[in-house]
$ cat coords.cif   # mmCIF, C-alpha atoms (C1' of nucleotides)
data_model
loop_
_atom_site.label_atom_id
_atom_site.label_comp_id
_atom_site.auth_asym_id
_atom_site.auth_seq_id
_atom_site.Cartn_x
_atom_site.Cartn_y
_atom_site.Cartn_z
CA MET P 581 0.00 0.00 0.00
CA GLY P 582 1.15 3.54 0.68
CA ARG P 583 3.74 2.51 3.24
CA THR P 584 7.33 2.07 2.22
CA VAL P 585 8.47 -1.51 2.37
CA THR P 586 11.08 -1.75 5.10
CA LYS P 587 14.19 -3.50 3.93
CA LEU P 588 14.17 -6.82 5.69
CA ASP P 589 14.45 -8.79 2.48
CA ARG P 590 17.63 -10.75 3.05
CA THR P 591 18.91 -11.08 6.54
CA GLY P 592 16.33 -9.36 8.71
CA LEU P 593 18.69 -10.04 11.57
CA ASP P 594 18.31 -8.03 14.72
CA ARG P 595 19.21 -8.37 18.38
CA GLU P 596 15.91 -10.02 19.20
CA ALA P 597 16.42 -12.74 16.61
CA VAL P 598 19.99 -13.37 17.74
CA VAL P 599 18.88 -13.83 21.34
CA ALA P 600 15.95 -16.04 20.40
CA VAL P 601 18.10 -18.34 18.26
CA ALA P 602 20.74 -18.45 21.01
CA LEU P 603 18.09 -19.51 23.50
CA ASP P 604 16.90 -22.26 21.18
CA LEU P 605 20.48 -23.43 20.77
CA VAL P 606 20.95 -23.72 24.54
CA VAL P 607 17.63 -25.50 24.95
CA SER P 608 18.30 -28.03 22.22
CA GLU P 609 22.01 -28.66 22.71
CA GLY P 610 22.87 -27.53 26.20
CA ALA P 611 24.69 -24.58 27.73
CA ALA P 612 28.07 -25.81 26.49
CA ALA P 613 26.95 -25.46 22.87
CA LEU P 614 26.53 -21.71 23.25
CA THR P 615 29.59 -20.53 21.40
CA MET P 616 29.84 -17.31 19.47
CA ARG P 617 31.13 -19.21 16.45
CA ARG P 618 28.49 -21.92 16.72
CA LEU P 619 25.73 -19.35 17.06
CA ALA P 620 27.10 -17.49 14.06
CA THR P 621 26.94 -20.69 12.01
CA GLU P 622 23.38 -21.24 13.19
CA LEU P 623 22.47 -17.73 12.05
CA ASP P 624 24.50 -18.07 8.86
CA VAL P 625 26.55 -14.95 9.51
CA GLY P 626 30.14 -14.18 10.47
CA THR P 627 31.09 -14.23 14.12
CA PRO P 628 31.65 -10.46 14.44
CA THR P 629 28.06 -9.86 13.38
CA ILE P 630 26.91 -11.28 16.70
CA TYR P 631 29.11 -8.85 18.54
CA TRP P 632 27.58 -6.02 16.58
CA HIS P 633 24.12 -7.04 17.82
CA VAL P 634 24.73 -8.15 21.38
CA GLY P 635 28.05 -6.67 22.48
CA SER P 636 29.59 -9.64 24.25
CA ARG P 637 28.94 -13.18 25.37
CA ASP P 638 28.04 -12.01 28.88
CA GLU P 639 25.44 -9.62 27.50
CA LEU P 640 24.09 -12.37 25.28
CA VAL P 641 23.73 -14.74 28.22
CA ALA P 642 21.99 -12.06 30.27
CA ALA P 643 19.60 -11.42 27.37
CA ILE P 644 18.85 -15.14 27.01
CA VAL P 645 18.12 -15.51 30.72
CA GLN P 646 15.98 -12.38 30.63
CA LEU P 647 14.00 -13.69 27.66
CA GLN P 648 13.40 -16.98 29.43
CA SER P 649 12.30 -15.02 32.48
CA GLU P 650 9.64 -13.29 30.39
CA ARG P 651 8.47 -16.58 28.94
CA LEU P 652 7.99 -18.02 32.41
CA ALA P 653 5.99 -15.08 33.63
CA ASP P 654 2.42 -16.05 32.85
CA ARG P 655 1.89 -19.19 34.90
CA PRO P 656 -1.42 -19.40 36.70
CA ILE P 657 -1.54 -19.22 40.48
CA VAL P 658 -3.87 -21.63 42.18
CA GLY P 659 -5.08 -22.15 45.74
CA ARG P 660 -7.93 -21.03 47.94
CA ASP P 661 -6.20 -19.34 50.85
CA ALA P 662 -3.27 -16.95 50.98
CA ARG P 663 -0.69 -19.53 52.01
CA ALA P 664 -1.64 -21.89 49.21
CA ARG P 665 -1.49 -19.09 46.65
CA VAL P 666 1.90 -17.83 47.81
CA LEU P 667 3.20 -21.40 47.74
CA SER P 668 1.78 -21.77 44.25
CA ALA P 669 3.62 -18.65 43.07
CA ALA P 670 6.85 -19.98 44.58
CA ARG P 671 6.37 -23.41 43.03
CA ASN P 672 5.81 -21.73 39.66
CA MET P 673 9.36 -20.41 39.91
CA TYR P 674 10.78 -23.82 40.72
CA ALA P 675 8.76 -25.77 38.18
CA GLY P 676 9.18 -23.17 35.46
CA ALA P 677 12.94 -23.02 35.82
CA LEU P 678 13.15 -26.80 35.76
CA GLU P 679 11.23 -27.00 32.51
CA GLN P 680 14.20 -25.57 30.62
CA ARG P 681 17.00 -26.85 32.80
CA ALA P 682 19.67 -25.96 30.23
CA ILE P 683 18.81 -22.27 30.56
CA THR P 684 18.71 -22.58 34.33
CA SER P 685 22.16 -24.18 34.48
CA LEU P 686 23.44 -21.47 32.18
CA ALA P 687 22.04 -18.92 34.63
CA HIS P 688 23.65 -20.66 37.59
CA GLN P 689 27.04 -20.94 35.88
CA THR P 690 27.00 -17.24 35.11
CA GLY P 691 25.55 -16.06 38.40
CA THR P 692 22.35 -14.72 36.85
CA SER P 693 19.83 -16.94 38.63
CA ALA P 694 18.15 -13.89 40.13
CA LEU P 695 17.51 -12.58 36.62
CA LEU P 696 15.77 -15.81 35.66
CA LEU P 697 13.24 -15.49 38.47
CA HIS P 698 12.85 -11.75 38.07
CA ASP P 699 9.65 -11.64 36.05
CA LEU P 700 7.97 -14.23 38.25
CA GLN P 701 8.66 -12.06 41.29
CA ALA P 702 5.83 -9.67 40.51
CA ALA P 703 3.24 -12.41 40.88
CA LEU P 704 4.78 -13.58 44.13
CA VAL P 705 4.86 -10.06 45.56
CA ALA P 706 1.23 -9.57 44.56
CA GLU P 707 0.19 -12.69 46.47
CA LEU P 708 2.25 -11.69 49.49
CA GLU P 709 0.55 -8.32 49.56
CA ALA P 710 -2.86 -9.88 49.05
CA SER P 711 -2.15 -12.02 52.09
CA GLY P 712 -2.02 -8.94 54.26
CA LEU P 713 1.72 -8.40 54.52
CA GLU P 714 3.06 -4.87 54.17
CA GLY P 715 6.34 -3.08 53.56
CA ASP P 716 9.39 -4.80 55.04
CA ALA P 717 7.41 -7.93 55.82
CA VAL P 718 6.78 -8.41 52.09
CA ASP P 719 10.44 -7.85 51.36
CA GLU P 720 11.59 -10.32 53.98
CA ALA P 721 9.16 -13.00 52.88
CA LEU P 722 10.04 -12.43 49.22
CA HIS P 723 13.78 -12.78 49.68
CA SER P 724 13.47 -15.73 52.00
CA ILE P 725 11.34 -17.52 49.43
CA LEU P 726 13.68 -16.59 46.57
CA LEU P 727 16.56 -18.01 48.58
CA VAL P 728 14.78 -21.33 49.02
CA VAL P 729 13.72 -21.51 45.37
CA THR P 730 17.30 -20.86 44.27
CA GLY P 731 18.66 -23.49 46.63
CA ALA P 732 16.07 -25.99 45.47
CA LEU P 733 17.04 -25.41 41.84
CA VAL P 734 20.77 -25.79 42.49
CA VAL P 735 20.27 -28.93 44.54
CA THR P 736 17.89 -30.41 41.98
CA LEU P 737 20.06 -29.64 38.98
CA SER P 738 23.36 -30.72 40.47
CA ASP P 739 21.81 -33.87 41.90
CA THR P 740 20.30 -34.77 38.56
CA ALA P 741 23.37 -34.18 36.40
CA ARG P 742 25.74 -36.06 38.64
CA LEU P 743 29.34 -37.04 38.08
CA PRO P 744 30.29 -40.68 38.17
CA GLY P 745 32.67 -41.59 40.96
CA ASP P 746 30.42 -39.99 43.50
CA ARG P 747 31.13 -39.69 47.18
CA GLY P 748 28.44 -41.31 49.22
CA VAL P 749 25.80 -38.68 48.62
CA ARG P 750 23.22 -41.02 47.13
CA ALA P 751 21.42 -39.66 44.09
CA ARG P 752 17.82 -38.83 44.79
CA SER P 753 14.94 -39.20 42.39
CA ARG P 754 13.27 -36.28 40.72
CA ALA P 755 10.15 -36.90 42.78
CA GLU P 756 12.10 -36.91 46.04
CA LEU P 757 13.76 -33.65 45.09
CA GLU P 758 10.48 -32.01 44.22
CA ALA P 759 8.96 -33.15 47.50
CA LEU P 760 11.96 -31.74 49.35
CA ALA P 761 11.64 -28.41 47.55
CA THR P 762 7.91 -28.17 48.17
CA SER P 763 8.05 -29.04 51.84
CA THR P 764 10.89 -26.61 52.49
CA LEU P 765 9.03 -23.89 50.62
CA ARG P 766 5.90 -24.63 52.61
CA VAL P 767 7.79 -24.20 55.87
CA VAL P 768 9.03 -20.73 55.03
CA VAL P 769 5.79 -19.65 53.36
CA ASP P 770 3.75 -20.70 56.38
CA HIS P 771 6.18 -18.89 58.62
CA HIS P 772 5.80 -15.58 56.82
CA VAL P 773 2.22 -15.64 55.64
CA PRO P 774 -0.45 -15.35 58.33
CA SER P 775 -2.98 -18.15 58.32
CA GLU P 776 -6.57 -17.40 57.41
CA GLU P 777 -9.03 -18.53 60.02
CA ARG P 778 -12.09 -19.84 58.24
CA ARG P 779 -15.33 -17.94 58.63
CA MET A 66 70.49 -44.20 58.89
CA GLY A 67 69.66 -47.61 57.56
CA ARG A 68 66.65 -46.45 55.56
CA THR A 69 67.03 -45.65 51.92
CA VAL A 70 66.56 -42.00 51.15
CA THR A 71 63.42 -41.68 49.02
CA LYS A 72 64.10 -39.69 45.91
CA LEU A 73 62.23 -36.43 46.35
CA ASP A 74 65.36 -34.35 45.80
CA ARG A 75 64.28 -32.21 42.88
CA THR A 76 60.65 -31.77 42.18
CA GLY A 77 58.89 -33.65 44.94
CA LEU A 78 55.70 -32.96 42.99
CA ASP A 79 52.69 -35.11 43.70
CA ARG A 80 48.94 -34.87 43.32
CA GLU A 81 48.51 -33.38 46.76
CA ALA A 82 50.90 -30.53 46.03
CA VAL A 83 49.29 -29.82 42.68
CA VAL A 84 45.85 -29.56 44.27
CA ALA A 85 47.11 -27.41 47.16
CA VAL A 86 48.82 -24.94 44.84
CA ALA A 87 45.76 -24.86 42.60
CA LEU A 88 43.60 -24.01 45.61
CA ASP A 89 45.97 -21.20 46.59
CA LEU A 90 45.84 -19.88 43.04
CA VAL A 91 42.05 -19.74 43.09
CA VAL A 92 42.02 -18.10 46.52
CA SER A 93 44.54 -15.43 45.60
CA GLU A 94 43.52 -14.68 42.02
CA GLY A 95 40.00 -15.92 41.58
CA ALA A 96 38.36 -18.86 39.85
CA ALA A 97 39.08 -17.45 36.40
CA ALA A 98 42.83 -17.70 37.02
CA LEU A 99 42.65 -21.47 37.32
CA THR A 100 44.11 -22.46 33.98
CA MET A 101 46.11 -25.58 33.34
CA ARG A 102 48.86 -23.49 31.75
CA ARG A 103 48.83 -20.91 34.51
CA LEU A 104 48.96 -23.59 37.17
CA ALA A 105 51.84 -25.29 35.33
CA THR A 106 53.76 -22.02 35.36
CA GLU A 107 53.06 -21.64 39.07
CA LEU A 108 54.44 -25.15 39.67
CA ASP A 109 57.29 -24.59 37.24
CA VAL A 110 56.48 -27.66 35.17
CA GLY A 111 55.10 -28.32 31.72
CA THR A 112 51.35 -28.39 31.23
CA PRO A 113 51.08 -32.15 30.56
CA THR A 114 52.64 -32.84 33.96
CA ILE A 115 49.46 -31.58 35.61
CA TYR A 116 47.43 -34.02 33.56
CA TRP A 117 49.67 -36.81 34.69
CA HIS A 118 48.89 -35.99 38.33
CA VAL A 119 45.23 -35.00 38.23
CA GLY A 120 43.75 -36.40 35.04
CA SER A 121 41.68 -33.45 33.87
CA ARG A 122 40.55 -29.97 34.83
CA ASP A 123 37.23 -31.32 36.12
CA GLU A 124 39.02 -33.75 38.42
CA LEU A 125 41.30 -30.97 39.58
CA VAL A 126 38.36 -28.74 40.43
CA ALA A 127 36.66 -31.56 42.32
CA ALA A 128 39.88 -32.18 44.26
CA ILE A 129 40.19 -28.49 45.12
CA VAL A 130 36.60 -28.30 46.35
CA GLN A 131 37.10 -31.51 48.32
CA LEU A 132 40.26 -30.15 49.95
CA GLN A 133 38.47 -26.96 50.92
CA SER A 134 35.66 -29.10 52.31
CA GLU A 135 38.16 -30.83 54.61
CA ARG A 136 39.62 -27.54 55.72
CA LEU A 137 36.19 -26.27 56.72
CA ALA A 138 35.36 -29.32 58.74
CA ASP A 139 36.56 -28.45 62.22
CA ARG A 140 34.48 -25.45 63.15
CA PRO A 141 33.14 -25.45 66.68
CA ILE A 142 29.42 -25.81 67.30
CA VAL A 143 27.96 -23.56 69.95
CA GLY A 144 24.58 -23.29 71.63
CA ARG A 145 22.81 -24.62 74.71
CA ASP A 146 19.79 -26.37 73.28
CA ALA A 147 19.37 -28.63 70.29
CA ARG A 148 17.88 -26.01 67.98
CA ALA A 149 20.68 -23.57 68.66
CA ARG A 150 23.32 -26.23 68.04
CA VAL A 151 21.76 -27.40 64.78
CA LEU A 152 21.51 -23.79 63.65
CA SER A 153 25.15 -23.32 64.62
CA ALA A 154 26.19 -26.31 62.50
CA ALA A 155 24.22 -24.90 59.56
CA ARG A 156 25.68 -21.44 60.00
CA ASN A 157 29.15 -22.98 60.03
CA MET A 158 28.49 -24.15 56.49
CA TYR A 159 27.35 -20.75 55.33
CA ALA A 160 30.07 -18.77 57.09
CA GLY A 161 32.82 -21.22 56.19
CA ALA A 162 31.95 -21.24 52.51
CA LEU A 163 31.83 -17.45 52.46
CA GLU A 164 35.31 -17.18 53.93
CA GLN A 165 36.83 -18.41 50.68
CA ARG A 166 34.25 -17.12 48.25
CA ALA A 167 36.49 -17.79 45.23
CA ILE A 168 36.40 -21.51 45.96
CA THR A 169 32.69 -21.37 46.59
CA SER A 170 32.02 -19.63 43.26
CA LEU A 171 34.21 -22.20 41.57
CA ALA A 172 32.08 -24.91 43.15
CA HIS A 173 28.87 -23.24 42.01
CA GLN A 174 30.09 -22.77 38.45
CA THR A 175 31.00 -26.42 38.23
CA GLY A 176 27.98 -27.78 40.06
CA THR A 177 29.99 -29.19 42.95
CA SER A 178 28.49 -27.14 45.78
CA ALA A 179 27.35 -30.32 47.51
CA LEU A 180 30.95 -31.50 47.61
CA LEU A 181 32.02 -28.30 49.36
CA LEU A 182 29.59 -28.85 52.20
CA HIS A 183 30.17 -32.58 52.36
CA ASP A 184 32.60 -32.74 55.26
CA LEU A 185 30.56 -30.32 57.36
CA GLN A 186 27.55 -32.60 56.98
CA ALA A 187 28.78 -35.05 59.57
CA ALA A 188 28.66 -32.44 62.32
CA LEU A 189 25.19 -31.36 61.26
CA VAL A 190 23.91 -34.92 61.22
CA ALA A 191 25.41 -35.53 64.66
CA GLU A 192 23.52 -32.54 66.09
CA LEU A 193 20.29 -33.59 64.39
CA GLU A 194 20.58 -37.04 65.94
CA ALA A 195 21.48 -35.58 69.33
CA SER A 196 18.29 -33.54 69.10
CA GLY A 197 16.25 -36.74 69.13
CA LEU A 198 15.50 -37.14 65.45
CA GLU A 199 15.82 -40.58 63.90
CA GLY A 200 16.02 -42.22 60.49
CA ASP A 201 14.11 -40.44 57.74
CA ALA A 202 13.48 -37.44 59.94
CA VAL A 203 17.23 -36.83 60.11
CA ASP A 204 17.48 -37.20 56.36
CA GLU A 205 14.63 -34.81 55.67
CA ALA A 206 15.96 -32.17 58.06
CA LEU A 207 19.47 -32.54 56.68
CA HIS A 208 18.51 -32.06 53.05
CA SER A 209 16.13 -29.23 53.80
CA ILE A 210 18.90 -27.41 55.65
CA LEU A 211 21.45 -28.11 52.91
CA LEU A 212 19.02 -26.68 50.39
CA VAL A 213 18.70 -23.46 52.37
CA VAL A 214 22.46 -23.15 52.94
CA THR A 215 23.08 -23.60 49.22
CA GLY A 216 20.46 -21.03 48.31
CA ALA A 217 21.87 -18.59 50.83
CA LEU A 218 25.34 -18.97 49.35
CA VAL A 219 24.19 -18.47 45.78
CA VAL A 220 22.10 -15.45 46.67
CA THR A 221 24.90 -13.94 48.76
CA LEU A 222 27.62 -14.48 46.18
CA SER A 223 25.65 -13.32 43.17
CA ASP A 224 24.31 -10.31 45.02
CA THR A 225 27.79 -9.33 46.15
CA ALA A 226 29.55 -9.67 42.81
CA ARG A 227 26.97 -7.79 40.83
CA LEU A 228 27.01 -6.70 37.22
CA PRO A 229 26.67 -3.02 36.47
CA GLY A 230 23.55 -2.08 34.56
CA ASP A 231 21.37 -3.88 37.02
CA ARG A 232 17.64 -4.31 36.78
CA GLY A 233 15.92 -2.86 39.79
CA VAL A 234 16.93 -5.60 42.18
CA ARG A 235 18.69 -3.33 44.67
CA ALA A 236 21.98 -4.63 45.97
CA ARG A 237 21.79 -5.68 49.59
CA SER A 238 24.51 -5.29 52.14
CA ARG A 239 26.50 -8.20 53.45
CA ALA A 240 24.86 -7.80 56.85
CA GLU A 241 21.36 -7.87 55.32
CA LEU A 242 22.22 -11.02 53.39
CA GLU A 243 23.59 -12.74 56.46
CA ALA A 244 20.51 -11.81 58.46
CA LEU A 245 18.32 -13.19 55.66
CA ALA A 246 20.28 -16.43 55.60
CA THR A 247 20.19 -16.86 59.36
CA SER A 248 16.51 -16.14 59.74
CA THR A 249 15.59 -18.49 56.90
CA LEU A 250 17.78 -21.19 58.38
CA ARG A 251 16.19 -20.67 61.78
CA VAL A 252 12.73 -21.17 60.34
CA VAL A 253 13.55 -24.55 58.83
CA VAL A 254 15.67 -25.69 61.76
CA ASP A 255 12.92 -24.85 64.24
CA HIS A 256 10.44 -26.66 62.04
CA HIS A 257 12.40 -29.90 62.01
CA VAL A 258 14.05 -29.94 65.40
CA PRO A 259 11.76 -30.44 68.38
CA SER A 260 11.99 -27.74 71.03
CA GLU A 261 13.38 -28.60 74.43
CA GLU A 262 11.11 -27.67 77.25
CA ARG A 263 13.22 -26.34 80.06
CA ARG A 264 13.43 -28.37 83.29
"C1'" DA X 979 24.08 0.75 9.50
"C1'" DC X 980 25.39 -3.75 9.03
"C1'" DC X 981 28.55 -7.36 7.88
"C1'" DT X 982 33.13 -9.86 6.82
"C1'" DG X 983 38.09 -12.19 6.75
"C1'" DA X 984 41.72 -12.46 9.26
"C1'" DA X 985 44.08 -12.16 13.12
"C1'" DC X 986 45.36 -11.94 18.47
"C1'" DA X 987 45.75 -14.07 22.60
"C1'" DC X 988 44.19 -17.43 24.77
"C1'" DC X 989 41.90 -22.34 26.16
"C1'" DG X 990 41.77 -28.00 27.48
"C1'" DT X 991 43.80 -32.01 25.96
"C1'" DT X 992 46.83 -35.49 23.68
"C1'" DC X 993 50.96 -37.81 22.29
"C1'" DA X 994 55.28 -39.18 20.81
"C1'" DA X 995 59.44 -38.79 22.85
"C1'" DG X 996 62.66 -38.21 26.43
"C1'" DT X 997 64.96 -39.68 31.31
"C1'" DA J 45 57.40 -43.41 36.85
"C1'" DC J 46 57.51 -38.85 35.73
"C1'" DC J 47 58.09 -35.07 32.61
"C1'" DT J 48 58.44 -32.36 28.06
"C1'" DG J 49 57.77 -29.83 23.24
"C1'" DA J 50 54.77 -29.53 19.98
"C1'" DA J 51 50.64 -29.88 18.15
"C1'" DC J 52 45.18 -30.28 17.60
"C1'" DA J 53 40.94 -28.31 17.84
"C1'" DC J 54 38.91 -25.14 19.83
"C1'" DC J 55 37.62 -20.38 22.50
"C1'" DG J 56 36.11 -14.79 23.06
"C1'" DT J 57 37.18 -10.63 21.00
"C1'" DT J 58 38.90 -6.92 17.86
"C1'" DC J 59 39.61 -4.42 13.68
"C1'" DA J 60 40.46 -2.83 9.28
"C1'" DA J 61 37.88 -3.19 5.39
"C1'" DG J 62 33.91 -3.78 2.63
"C1'" DT J 63 28.74 -2.47 1.11
#
$ encode --input "coords.cif" --output "structure tokens"
Amino acid sequence: MGRTVTKLDRTGLDREAVVAVALDLVVSEGAAALTMRRLATELDVGTPTIYWHVGSRDELVAAIVQLQSERLADRPIVGRDARARVLSAARNMYAGALEQRAITSLAHQTGTSALLLHDLQAALVAELEASGLEGDAVDEALHSILLVVTGALVVTLSDTARLPGDRGVRARSRAELEALATSTLRVVVDHHVPSEERR
Amino acid sequence: MGRTVTKLDRTGLDREAVVAVALDLVVSEGAAALTMRRLATELDVGTPTIYWHVGSRDELVAAIVQLQSERLADRPIVGRDARARVLSAARNMYAGALEQRAITSLAHQTGTSALLLHDLQAALVAELEASGLEGDAVDEALHSILLVVTGALVVTLSDTARLPGDRGVRARSRAELEALATSTLRVVVDHHVPSEERR
DNA sequence: ACCTGAACACCGTTCAAGT
DNA sequence: ACCTGAACACCGTTCAAGT
């Protein structure tokens, strides 16, 4: 029509596409496959092109983790009372992060785990506030819960991908690990969130 | 005397020495400085010599973390009642790991955090059993506490060494982080360990 | 503005060869 | 048994040069 056709004929490559393809690469082949050269091959461009779009590998990793954080953000919260809903929000973080464990390990290796949970925080904060907590109490509960979620993820991931030649620390099943995470979360949630007396 | 002099005249290099020097290197220059070539230079040998003694970089890292685990193992446990003593054992893990944060980050990056806490586990288990817990209850309490300690370490280390260009998640002070860790630990310890009624 | 070839300064690992 | 020089197959990053 009247509008000028924007020139995206050939490459159409932009930062967003680079990050999205990089995320796919990590998901399908693991964190170790995320190499600037490998990603360049995947995108069918020269290696320096990636640097033009994302600056450095660290920035790329941060962008990947951030993108995954956004994708995790719209999980439904269930539960009748405040404690159940807060626990549900916390479990969304744990379960969501585990769904793409390659991204989560990448985040752990690079110290960006907090970034991965960032967009799910809003929902958790909302539930904490809905439960009647205010100000510092929300902050304390939030960080305590984030701490437990992070620990649960690290323990789960490092227990799952275990080295041979292990020292005594028996490998636990996925179900055991999830039960451990949930029960520990429940303890701290119940501690911070006031119970609702019925009627 | 009558004994033959063992030939350790020149190098006297063995696996133990390699690992000890590698640990020192990480402590003094950070996890990123741990390079096979750099370590070889430090030991004044060729790079392949290191492989002869430790096999691979992964094995070397595991040995370093294991050595640090041993060094952490003799921290005194304080407290009058069972809950206080269990909390003390747990805090020993957190505080000990933070004392050599370079080793702890190395452990996190390589997914060997569990190894780092391994030798401090015995003391924690002993206190849990002394508190009256038995069998599965000990196991549940132990793993729940380990999960929280691990989470506290990750949160503390990644909050401390923070990237510039941060997204809203205000940096917290070391004291705030320690208070968060302690209070979260106390919640799960008190949940698992029965209280002692006085007299 | 966007992309490239070629290079720099590194990695972990292996291996034939030395003593 | 212990150690080496030299190489292999990679890395992240930069930069002059192209369009």
$ atom_distance --input "coords.cif" --atom1 "atom CA of A:Ser196" --atom2 "atom CA of P:Ser763"
20.6 Å
$ closest_atom_pairs --input "coords.cif" --of "chain X" --to "chain J" --cutoff "8 Å" --atoms "all atoms listed in the file" --output "tab-separated table"
residue	atom	partner	partner_atom	distance
X:DT982	C1'	J:DG62	C1'	7.4
X:DC988	C1'	J:DC55	C1'	7.6
X:DC989	C1'	J:DC55	C1'	6.0
X:DG996	C1'	J:DT48	C1'	7.4
$ atom_distance --input "coords.cif" --atom1 "atom CA of P:Thr690" --atom2 "atom CA of A:His173"
9.3 Å
$ resolve_selection --input "coords.cif" --expression "the PyMOL selection byres ((chain P and resi 650) around 12)" --output "list in words"
Ala643, Ile644, Val645, Gln646, Leu647, Gln648, Ser649, Arg651, Leu652, Ala653, Asp654, Arg655, Met673, Gly676, Ala677, Leu695, Leu696, Leu697, His698, Asp699, Leu700, Gln701 and Ala702 of chain P
$ resolve_selection --input "coords.cif" --expression "the PyMOL selection byres ((chain P) within 9 of (chain A))" --output "VMD selection string"
chain P and resid 685 688 to 695 698 720 723 to 735 737 to 739 741 to 742 747 749 760 to 761 763 to 764 767 to 768 771
$ resolve_selection --input "coords.cif" --expression "the PyMOL selection byres ((chain A) within 10 of (chain J))" --output "PyMOL selection string"
chain A and resi 78+110-115+117-118
$ residues_around --input "coords.cif" --residues "P:Pro656" --least-positions-apart "6" --cutoff "12 Å" --atoms "all atoms listed in the file" --output "MDAnalysis selection string"
chainID P and resid 665:666 668:673 676 700 703:704 707
$ atom_distance --input "coords.cif" --atom1 "atom CA of A:Val83" --atom2 "atom CA of A:Gln165"
18.7 Å
$ residues_around --input "coords.cif" --residues "P:Ala612" --least-positions-apart "6" --cutoff "10 Å" --atoms "all atoms listed in the file" --output "number ranges by chain"
P: 605-606, 682, 686
